[in-house]
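Data first, discussion second: the structure below is written as C-alpha coordinates.
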Amino acid sequence: MFESVIPAERRPVSVVGSRWLWAARCSALIYTIFLVAECLVEALSEPAPALLILLFTYGARVLLALVLLYFLFRGEIKSLAFALGLGAATAFIALFGVASNALFWPIGRSFNLFLALVIFSPVTPPFVAMMHQPDPHLAAVGLSLFWSFGICSAVLGAASVATFRNISLEANAVGALRFAFRAGIFCPLAVWLVFALLILIWIATGGGIHI
(Lines give C-alpha, C1' and ligand atoms only; values in the text may rest on other atoms or scores of the structure.)
Protein backbone atom coordinates (compact mmCIF):
# COMPACT_ATOMS: atom_id res chain seq x y z
CA MET A 1 0.00 0.00 0.00
CA PHE A 2 2.73 2.41 0.97
CA GLU A 3 4.92 1.41 -2.01
CA SER A 4 2.73 3.44 -4.34
CA VAL A 5 3.80 6.70 -2.70
CA ILE A 6 7.55 5.98 -2.81
CA PRO A 7 9.27 8.16 -5.42
CA ALA A 8 9.94 6.35 -8.69
CA GLU A 9 13.65 7.02 -8.56
CA ARG A 10 13.90 5.24 -5.20
CA ARG A 11 11.59 2.28 -5.54
CA PRO A 12 12.64 -0.74 -7.60
CA VAL A 13 10.92 -1.06 -10.97
CA SER A 14 9.76 -4.43 -12.24
CA VAL A 15 13.03 -4.98 -14.09
CA VAL A 16 14.87 -5.24 -10.77
CA GLY A 17 13.71 -8.83 -10.52
CA SER A 18 14.31 -9.61 -14.19
CA ARG A 19 16.49 -12.36 -15.61
CA TRP A 20 18.84 -9.82 -17.18
CA LEU A 21 19.61 -8.29 -13.80
CA TRP A 22 20.19 -11.67 -12.20
CA ALA A 23 22.44 -12.60 -15.14
CA ALA A 24 24.45 -9.43 -14.44
CA ARG A 25 24.63 -10.24 -10.73
CA CYS A 26 25.70 -13.85 -11.25
CA SER A 27 28.29 -12.98 -13.89
CA ALA A 28 29.69 -10.18 -11.69
CA LEU A 29 30.02 -12.67 -8.82
CA ILE A 30 31.80 -15.21 -11.05
CA TYR A 31 34.01 -12.43 -12.44
CA THR A 32 35.05 -11.47 -8.89
CA ILE A 33 35.74 -15.11 -7.98
CA PHE A 34 38.02 -15.43 -11.03
CA LEU A 35 40.05 -12.37 -10.01
CA VAL A 36 40.29 -13.36 -6.34
CA ALA A 37 41.32 -16.92 -7.27
CA GLU A 38 44.07 -15.59 -9.54
CA CYS A 39 45.30 -13.30 -6.75
CA LEU A 40 45.46 -16.20 -4.29
CA VAL A 41 47.25 -18.50 -6.74
CA GLU A 42 49.79 -15.84 -7.66
CA ALA A 43 50.33 -14.78 -4.04
CA LEU A 44 51.16 -18.37 -3.05
CA SER A 45 53.54 -18.92 -5.97
CA GLU A 46 55.31 -15.58 -6.31
CA PRO A 47 58.20 -14.25 -4.16
CA ALA A 48 57.63 -11.27 -1.92
CA PRO A 49 58.84 -8.54 -4.37
CA ALA A 50 56.40 -9.79 -6.99
CA LEU A 51 53.45 -9.31 -4.64
CA LEU A 52 53.61 -5.56 -5.27
CA ILE A 53 53.21 -6.17 -9.02
CA LEU A 54 50.38 -8.58 -8.27
CA LEU A 55 48.62 -5.97 -6.15
CA PHE A 56 49.19 -3.37 -8.86
CA THR A 57 47.78 -5.65 -11.57
CA TYR A 58 44.77 -7.14 -9.81
CA GLY A 59 44.17 -5.14 -6.63
CA ALA A 60 42.23 -2.26 -8.19
CA ARG A 61 40.14 -4.61 -10.32
CA VAL A 62 39.19 -6.75 -7.33
CA LEU A 63 38.19 -3.58 -5.47
CA LEU A 64 36.07 -2.39 -8.43
CA ALA A 65 34.48 -5.84 -8.67
CA LEU A 66 33.50 -5.71 -4.99
CA VAL A 67 32.04 -2.22 -5.48
CA LEU A 68 30.13 -3.55 -8.49
CA LEU A 69 28.66 -6.40 -6.44
CA TYR A 70 27.69 -4.06 -3.63
CA PHE A 71 25.76 -1.66 -5.86
CA LEU A 72 24.21 -4.42 -7.98
CA PHE A 73 22.50 -5.86 -4.92
CA ARG A 74 21.24 -2.52 -3.58
CA GLY A 75 17.61 -1.62 -4.10
CA GLU A 76 18.06 2.10 -4.83
CA ILE A 77 17.56 2.65 -8.54
CA LYS A 78 20.33 5.24 -9.07
CA SER A 79 22.84 2.96 -7.36
CA LEU A 80 21.70 0.18 -9.66
CA ALA A 81 22.15 2.41 -12.73
CA PHE A 82 25.68 3.27 -11.55
CA ALA A 83 26.43 -0.43 -11.06
CA LEU A 84 25.16 -1.28 -14.53
CA GLY A 85 27.45 1.33 -16.07
CA LEU A 86 30.32 0.00 -13.99
CA GLY A 87 29.48 -3.53 -15.11
CA ALA A 88 29.35 -2.56 -18.79
CA ALA A 89 32.73 -0.78 -18.68
CA THR A 90 34.31 -3.53 -16.56
CA ALA A 91 33.16 -6.12 -19.08
CA PHE A 92 34.55 -4.10 -22.01
CA ILE A 93 37.94 -3.74 -20.32
CA ALA A 94 38.04 -7.44 -19.42
CA LEU A 95 37.15 -8.45 -22.98
CA PHE A 96 39.81 -6.10 -24.32
CA GLY A 97 42.34 -7.83 -22.06
CA VAL A 98 41.21 -11.27 -23.24
CA ALA A 99 41.38 -10.25 -26.90
CA SER A 100 44.77 -8.55 -26.56
CA ASN A 101 46.34 -11.58 -24.91
CA ALA A 102 44.74 -14.02 -27.35
CA LEU A 103 45.89 -12.02 -30.39
CA PHE A 104 49.26 -10.61 -29.36
CA TRP A 105 50.83 -13.39 -27.30
CA PRO A 106 51.86 -15.45 -30.38
CA ILE A 107 53.59 -12.39 -31.87
CA GLY A 108 56.17 -12.50 -29.09
CA ARG A 109 57.65 -10.16 -26.55
CA SER A 110 59.32 -8.01 -29.23
CA PHE A 111 55.90 -6.50 -29.89
CA ASN A 112 54.76 -6.51 -26.26
CA LEU A 113 57.89 -4.88 -24.94
CA PHE A 114 56.58 -1.32 -24.63
CA LEU A 115 53.03 -1.15 -25.91
CA ALA A 116 51.70 -4.11 -23.95
CA LEU A 117 53.17 -2.87 -20.66
CA VAL A 118 51.48 0.49 -21.03
CA ILE A 119 48.12 -0.65 -22.42
CA PHE A 120 47.61 -4.30 -21.57
CA SER A 121 49.24 -4.81 -18.16
CA PRO A 122 46.41 -3.13 -16.20
CA VAL A 123 43.86 -5.37 -17.98
CA THR A 124 45.71 -8.71 -17.96
CA PRO A 125 43.10 -11.48 -17.59
CA PRO A 126 43.54 -14.15 -14.93
CA PHE A 127 45.12 -17.53 -15.72
CA VAL A 128 47.24 -16.25 -18.62
CA ALA A 129 50.43 -17.68 -17.08
CA MET A 130 48.72 -21.02 -16.43
CA MET A 131 47.53 -21.13 -20.03
CA HIS A 132 51.16 -21.07 -21.26
CA GLN A 133 52.60 -23.65 -18.85
CA PRO A 134 54.67 -26.49 -20.41
CA ASP A 135 52.49 -29.09 -18.69
CA PRO A 136 49.72 -29.89 -21.25
CA HIS A 137 47.11 -30.68 -18.59
CA LEU A 138 47.79 -27.47 -16.67
CA ALA A 139 47.80 -25.47 -19.90
CA ALA A 140 44.43 -26.96 -20.89
CA VAL A 141 42.93 -26.02 -17.52
CA GLY A 142 44.36 -22.51 -17.84
CA LEU A 143 42.98 -22.14 -21.36
CA SER A 144 39.53 -23.27 -20.21
CA LEU A 145 39.55 -20.81 -17.30
CA PHE A 146 40.85 -18.02 -19.55
CA TRP A 147 38.00 -18.38 -22.05
CA SER A 148 35.45 -18.93 -19.28
CA PHE A 149 36.51 -15.57 -17.89
CA GLY A 150 35.97 -14.03 -21.34
CA ILE A 151 32.48 -15.55 -21.66
CA CYS A 152 31.58 -14.38 -18.14
CA SER A 153 32.73 -10.86 -19.01
CA ALA A 154 30.67 -10.85 -22.21
CA VAL A 155 27.55 -11.92 -20.29
CA LEU A 156 28.20 -9.22 -17.69
CA GLY A 157 28.43 -6.52 -20.36
CA ALA A 158 25.37 -7.66 -22.33
CA ALA A 159 23.25 -8.11 -19.20
CA SER A 160 24.28 -4.71 -17.80
CA VAL A 161 23.37 -2.86 -20.99
CA ALA A 162 20.08 -4.76 -21.44
CA THR A 163 19.05 -4.18 -17.82
CA PHE A 164 19.76 -0.46 -17.99
CA ARG A 165 17.86 -0.18 -21.27
CA ASN A 166 14.80 -1.78 -19.65
CA ILE A 167 15.11 0.43 -16.58
CA SER A 168 15.35 3.60 -18.66
CA LEU A 169 12.18 2.65 -20.52
CA GLU A 170 10.23 2.08 -17.32
CA ALA A 171 11.48 4.51 -14.67
CA ASN A 172 11.02 8.25 -14.21
CA ALA A 173 13.97 10.67 -13.89
CA VAL A 174 15.72 9.08 -16.86
CA GLY A 175 18.24 11.93 -17.01
CA ALA A 176 19.49 11.20 -13.50
CA LEU A 177 19.71 7.49 -14.27
CA ARG A 178 21.71 8.13 -17.43
CA PHE A 179 24.10 10.35 -15.48
CA ALA A 180 24.61 7.57 -12.90
CA PHE A 181 25.11 5.00 -15.69
CA ARG A 182 27.73 7.19 -17.39
CA ALA A 183 29.47 7.78 -14.07
CA GLY A 184 29.71 4.01 -13.64
CA ILE A 185 31.24 3.70 -17.11
CA PHE A 186 33.76 6.45 -16.39
CA CYS A 187 35.14 4.95 -13.14
CA PRO A 188 36.97 1.84 -14.46
CA LEU A 189 38.08 3.69 -17.59
CA ALA A 190 39.62 6.39 -15.40
CA VAL A 191 41.37 3.76 -13.26
CA TRP A 192 42.72 2.10 -16.41
CA LEU A 193 44.05 5.44 -17.69
CA VAL A 194 45.69 6.26 -14.35
CA PHE A 195 47.39 2.85 -14.22
CA ALA A 196 48.60 3.21 -17.83
CA LEU A 197 50.04 6.65 -17.02
CA LEU A 198 51.79 5.27 -13.91
CA ILE A 199 53.37 2.49 -15.99
CA LEU A 200 54.44 5.04 -18.61
CA ILE A 201 56.02 7.23 -15.92
CA TRP A 202 57.78 4.20 -14.43
CA ILE A 203 59.22 3.29 -17.86
CA ALA A 204 60.19 6.90 -18.61
CA THR A 205 62.07 7.27 -15.30
CA GLY A 206 64.26 4.25 -16.07
CA GLY A 207 62.60 1.53 -14.04
CA GLY A 208 61.20 -0.24 -17.02
CA ILE A 209 62.32 -2.24 -19.99
CA HIS A 210 65.76 -3.47 -20.86
CA ILE A 211 66.11 -5.18 -24.23
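In the C-alpha coordinates, the first chain shown is A, the next is B, and so on; residue numbers restart at 1 for each chain, and ligands run from 1 in the order shown.
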Return as CSV the residues of stretch 117-149 of chain A lying at most 6 Å from stretch 90-106 of chain A, together with the closest atom-to-atom pair for each and the distance in Å to one decimal, counting only C-alpha atoms, with rows in chain order and ascending residue number.
residue,atom,partner,partner_atom,distance
A:Val123,CA,A:Gly97,CA,5.0
A:Thr124,CA,A:Gly97,CA,5.4
A:Pro125,CA,A:Gly97,CA,5.8
Save out the residues we just selected, N, CA and C atoms, as a PDB file, in the first residue's frame.
ATOM      1  N   VAL A 123      45.071  -4.605 -17.646  1.00  0.00           N
ATOM      2  CA  VAL A 123      43.863  -5.372 -17.976  1.00  0.00           C
ATOM      3  C   VAL A 123      44.203  -6.833 -18.253  1.00  0.00           C
ATOM      4  N   THR A 124      45.337  -7.315 -17.739  1.00  0.00           N
ATOM      5  CA  THR A 124      45.711  -8.708 -17.959  1.00  0.00           C
ATOM      6  C   THR A 124      44.665  -9.641 -17.359  1.00  0.00           C
ATOM      7  N   PRO A 125      44.107 -10.556 -18.144  1.00  0.00           N
ATOM      8  CA  PRO A 125      43.101 -11.476 -17.591  1.00  0.00           C
ATOM      9  C   PRO A 125      43.752 -12.488 -16.654  1.00  0.00           C
TER      10      PRO A 125
END
- Message: Quick one: residues within 9 Å of stretch 25-30 of chain A, only C-alpha atoms, excluding same-chain residues fewer than 5 positions away - as an MDAnalysis selection string?
- Response: chainID A and resid 20 35 65:66 68:69 72:73 87 149 152:156 159:160
- Please measure the separation of atom CA of A:Ala81 and atom CA of A:Leu177, giving the value in Å to one decimal.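 We find that atom CA of A:Ala81 and atom CA of A:Leu177 lie 5.8 Å from each other.
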